[in-house]
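Structure file query-v9.pdb (PDB, C-alpha atoms) follows.
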```pdb
ATOM      1  CA  ARG W   1      13.342  28.993   6.332  1.00  0.00           C
ATOM      2  CA  ILE W   2      15.408  27.426   9.110  1.00  0.00           C
ATOM      3  CA  LEU W   3      18.097  30.088   8.848  1.00  0.00           C
ATOM      4  CA  GLY W   4      15.494  32.806   9.348  1.00  0.00           C
ATOM      5  CA  GLU W   5      13.986  30.986  12.294  1.00  0.00           C
ATOM      6  CA  ALA W   6      17.431  30.616  13.835  1.00  0.00           C
ATOM      7  CA  LEU W   7      18.161  34.316  13.442  1.00  0.00           C
ATOM      8  CA  LYS W   8      14.807  35.119  15.051  1.00  0.00           C
ATOM      9  CA  LEU W   9      15.566  32.768  17.950  1.00  0.00           C
ATOM     10  CA  ILE W  10      18.930  34.440  18.539  1.00  0.00           C
ATOM     11  CA  ARG W  11      17.347  37.897  18.287  1.00  0.00           C
ATOM     12  CA  ARG W  12      14.637  37.052  20.793  1.00  0.00           C
ATOM     13  CA  ARG W  13      17.142  35.546  23.206  1.00  0.00           C
ATOM     14  CA  ALA W  14      19.126  38.784  22.931  1.00  0.00           C
ATOM     15  CA  ASP W  15      15.895  40.648  23.776  1.00  0.00           C
ATOM     16  CA  MET W  16      16.232  42.818  20.686  1.00  0.00           C
ATOM     17  CA  THR W  17      13.669  44.080  18.204  1.00  0.00           C
ATOM     18  CA  GLN W  18      14.046  43.828  14.460  1.00  0.00           C
ATOM     19  CA  GLU W  19      14.566  47.591  14.485  1.00  0.00           C
ATOM     20  CA  ASP W  20      17.405  47.290  17.027  1.00  0.00           C
ATOM     21  CA  VAL W  21      19.201  44.664  14.963  1.00  0.00           C
ATOM     22  CA  SER W  22      18.663  46.318  11.615  1.00  0.00           C
ATOM     23  CA  ALA W  23      19.967  49.658  12.905  1.00  0.00           C
ATOM     24  CA  ARG W  24      23.129  48.003  14.210  1.00  0.00           C
ATOM     25  CA  ALA W  25      23.564  45.914  11.051  1.00  0.00           C
ATOM     26  CA  GLY W  26      22.971  48.732   8.599  1.00  0.00           C
ATOM     27  CA  THR W  27      19.916  47.156   7.011  1.00  0.00           C
ATOM     28  CA  ASN W  28      16.204  47.774   7.402  1.00  0.00           C
ATOM     29  CA  ALA W  29      13.686  46.056   9.620  1.00  0.00           C
ATOM     30  CA  ALA W  30      11.507  45.009   6.669  1.00  0.00           C
ATOM     31  CA  ALA W  31      14.398  43.096   5.100  1.00  0.00           C
ATOM     32  CA  LEU W  32      15.116  41.357   8.410  1.00  0.00           C
ATOM     33  CA  SER W  33      11.433  40.500   8.771  1.00  0.00           C
ATOM     34  CA  HIS W  34      11.434  38.871   5.324  1.00  0.00           C
ATOM     35  CA  ILE W  35      14.541  36.850   6.202  1.00  0.00           C
ATOM     36  CA  GLU W  36      13.144  35.707   9.549  1.00  0.00           C
ATOM     37  CA  SER W  37       9.844  34.657   7.985  1.00  0.00           C
ATOM     38  CA  GLY W  38      11.542  32.711   5.197  1.00  0.00           C
ATOM     39  CA  GLU W  39      10.151  34.983   2.487  1.00  0.00           C
ATOM     40  CA  ARG W  40      13.656  36.012   1.464  1.00  0.00           C
ATOM     41  CA  ASP W  41      17.007  34.280   1.442  1.00  0.00           C
ATOM     42  CA  ALA W  42      19.845  36.009   3.233  1.00  0.00           C
ATOM     43  CA  ARG W  43      23.152  36.595   1.521  1.00  0.00           C
ATOM     44  CA  TRP W  44      26.246  35.639   3.454  1.00  0.00           C
ATOM     45  CA  SER W  45      27.249  39.326   3.557  1.00  0.00           C
ATOM     46  CA  THR W  46      23.949  40.098   5.295  1.00  0.00           C
ATOM     47  CA  ILE W  47      24.395  37.281   7.807  1.00  0.00           C
ATOM     48  CA  ALA W  48      27.924  38.516   8.455  1.00  0.00           C
ATOM     49  CA  ARG W  49      26.457  41.900   9.444  1.00  0.00           C
ATOM     50  CA  LEU W  50      23.502  40.514  11.397  1.00  0.00           C
ATOM     51  CA  LEU W  51      25.440  38.182  13.683  1.00  0.00           C
ATOM     52  CA  PRO W  52      27.676  40.862  15.259  1.00  0.00           C
ATOM     53  CA  ALA W  53      24.655  43.165  15.517  1.00  0.00           C
ATOM     54  CA  LEU W  54      23.018  40.407  17.555  1.00  0.00           C
ATOM     55  CA  GLY W  55      26.139  39.923  19.673  1.00  0.00           C
ATOM     56  CA  SER W  56      26.342  36.462  18.149  1.00  0.00           C
ATOM     57  CA  ASP W  57      28.598  34.356  15.955  1.00  0.00           C
ATOM     58  CA  VAL W  58      28.492  31.486  13.468  1.00  0.00           C
ATOM     59  CA  GLN W  59      28.768  28.867  16.217  1.00  0.00           C
ATOM     60  CA  GLU W  60      25.693  30.177  17.982  1.00  0.00           C
ATOM     61  CA  LEU W  61      23.865  30.293  14.655  1.00  0.00           C
ATOM     62  CA  GLY W  62      24.762  26.635  14.100  1.00  0.00           C
ATOM     63  CA  ARG W  63      23.472  25.713  17.554  1.00  0.00           C
ATOM     64  CA  ALA W  64      20.219  27.606  16.923  1.00  0.00           C
ATOM     65  CA  ILE W  65      19.747  25.829  13.589  1.00  0.00           C
ATOM     66  CA  ALA W  66      20.339  22.452  15.245  1.00  0.00           C
ATOM     67  CA  GLU W  67      17.840  23.303  17.995  1.00  0.00           C
ATOM     68  CA  ILE W  68      15.174  24.225  15.450  1.00  0.00           C
ATOM     69  CA  GLU W  69      15.823  21.076  13.427  1.00  0.00           C
ATOM     70  CA  ARG W  70      15.390  18.968  16.580  1.00  0.00           C
ATOM     71  CA  GLN W  71      12.049  20.654  17.300  1.00  0.00           C
ATOM     72  CA  ASP W  72      10.767  20.424  13.729  1.00  0.00           C
ATOM     73  CA  PRO W  73      12.678  17.876  11.644  1.00  0.00           C
ATOM     74  CA  GLY W  74      10.271  18.340   8.704  1.00  0.00           C
TER
END
```
Rewrite the structure from the file as structure tokens, please.
Amino acid sequence: RILGEALKLIRRRADMTQEDVSARAGTNAAALSHIESGERDARWSTIARLLPALGSDVQELGRAIAEIERQDPG
């Protein structure tokens, strides 16, 4: 769940739609939606495609996860 929320946070900060990201990452918007909502786990290979599509990296993902955990430690 937190991973999906972090990806959504990064996507929104990049001012991108799910369609924008999925087109760049070679996936579909429905799959990204399921990941962001926590309905589906993301494989590392998917994350490795999503981060560059977002103009992001693992460090930024880690910071986004930490930010979300601080806001909602439960």
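Nearest residue to Asp20 of chain W, choosing from W:Ile47, W:Ala64, W:Leu32, W:Leu3 and counting all atoms listed in the file: W:Leu32.
Proximity to Arg12 of chain W at 10 Å, evaluated using all atoms listed in the file and with sequence-adjacent residues fewer than 6 positions away removed, yields Ala6, Gln18 and Leu54 of chain W.
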query: Written as a list in words, which residues does the PyMOL selection byres ((chain W and resi 5) around 9) give for the file shown?
result: Arg1, Ile2, Leu3, Gly4, Ala6, Leu7, Lys8, Leu9, Ile10, Ile35, Glu36, Ser37, Gly38, Ala64, Ile65 and Ile68 of chain W
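The shortest atom-to-atom distance to Val21 of chain W, with all atoms listed in the file taken into account, belongs to W:Ala53 out of W:Ala53, W:Glu39, W:Val58, W:Glu67.
In this model, the gap between atom CA of Leu50 of chain W and atom CA of Ala14 of chain W comes to 12.5 Å.
As for atom CA of Ala23 of chain W and atom CA of Arg49 of chain W, they are spaced 10.7 Å apart.
Atom pair atom CA of Gln59 of chain W / atom CA of Asn28 of chain W has a distance of 24.4 Å (rounded to one decimal).
The residue that comes closest to Arg13 of chain W, out of W:Asp72, W:Ala66, W:Thr46, W:Glu60 and on the basis of only C-alpha atoms, is W:Glu60.
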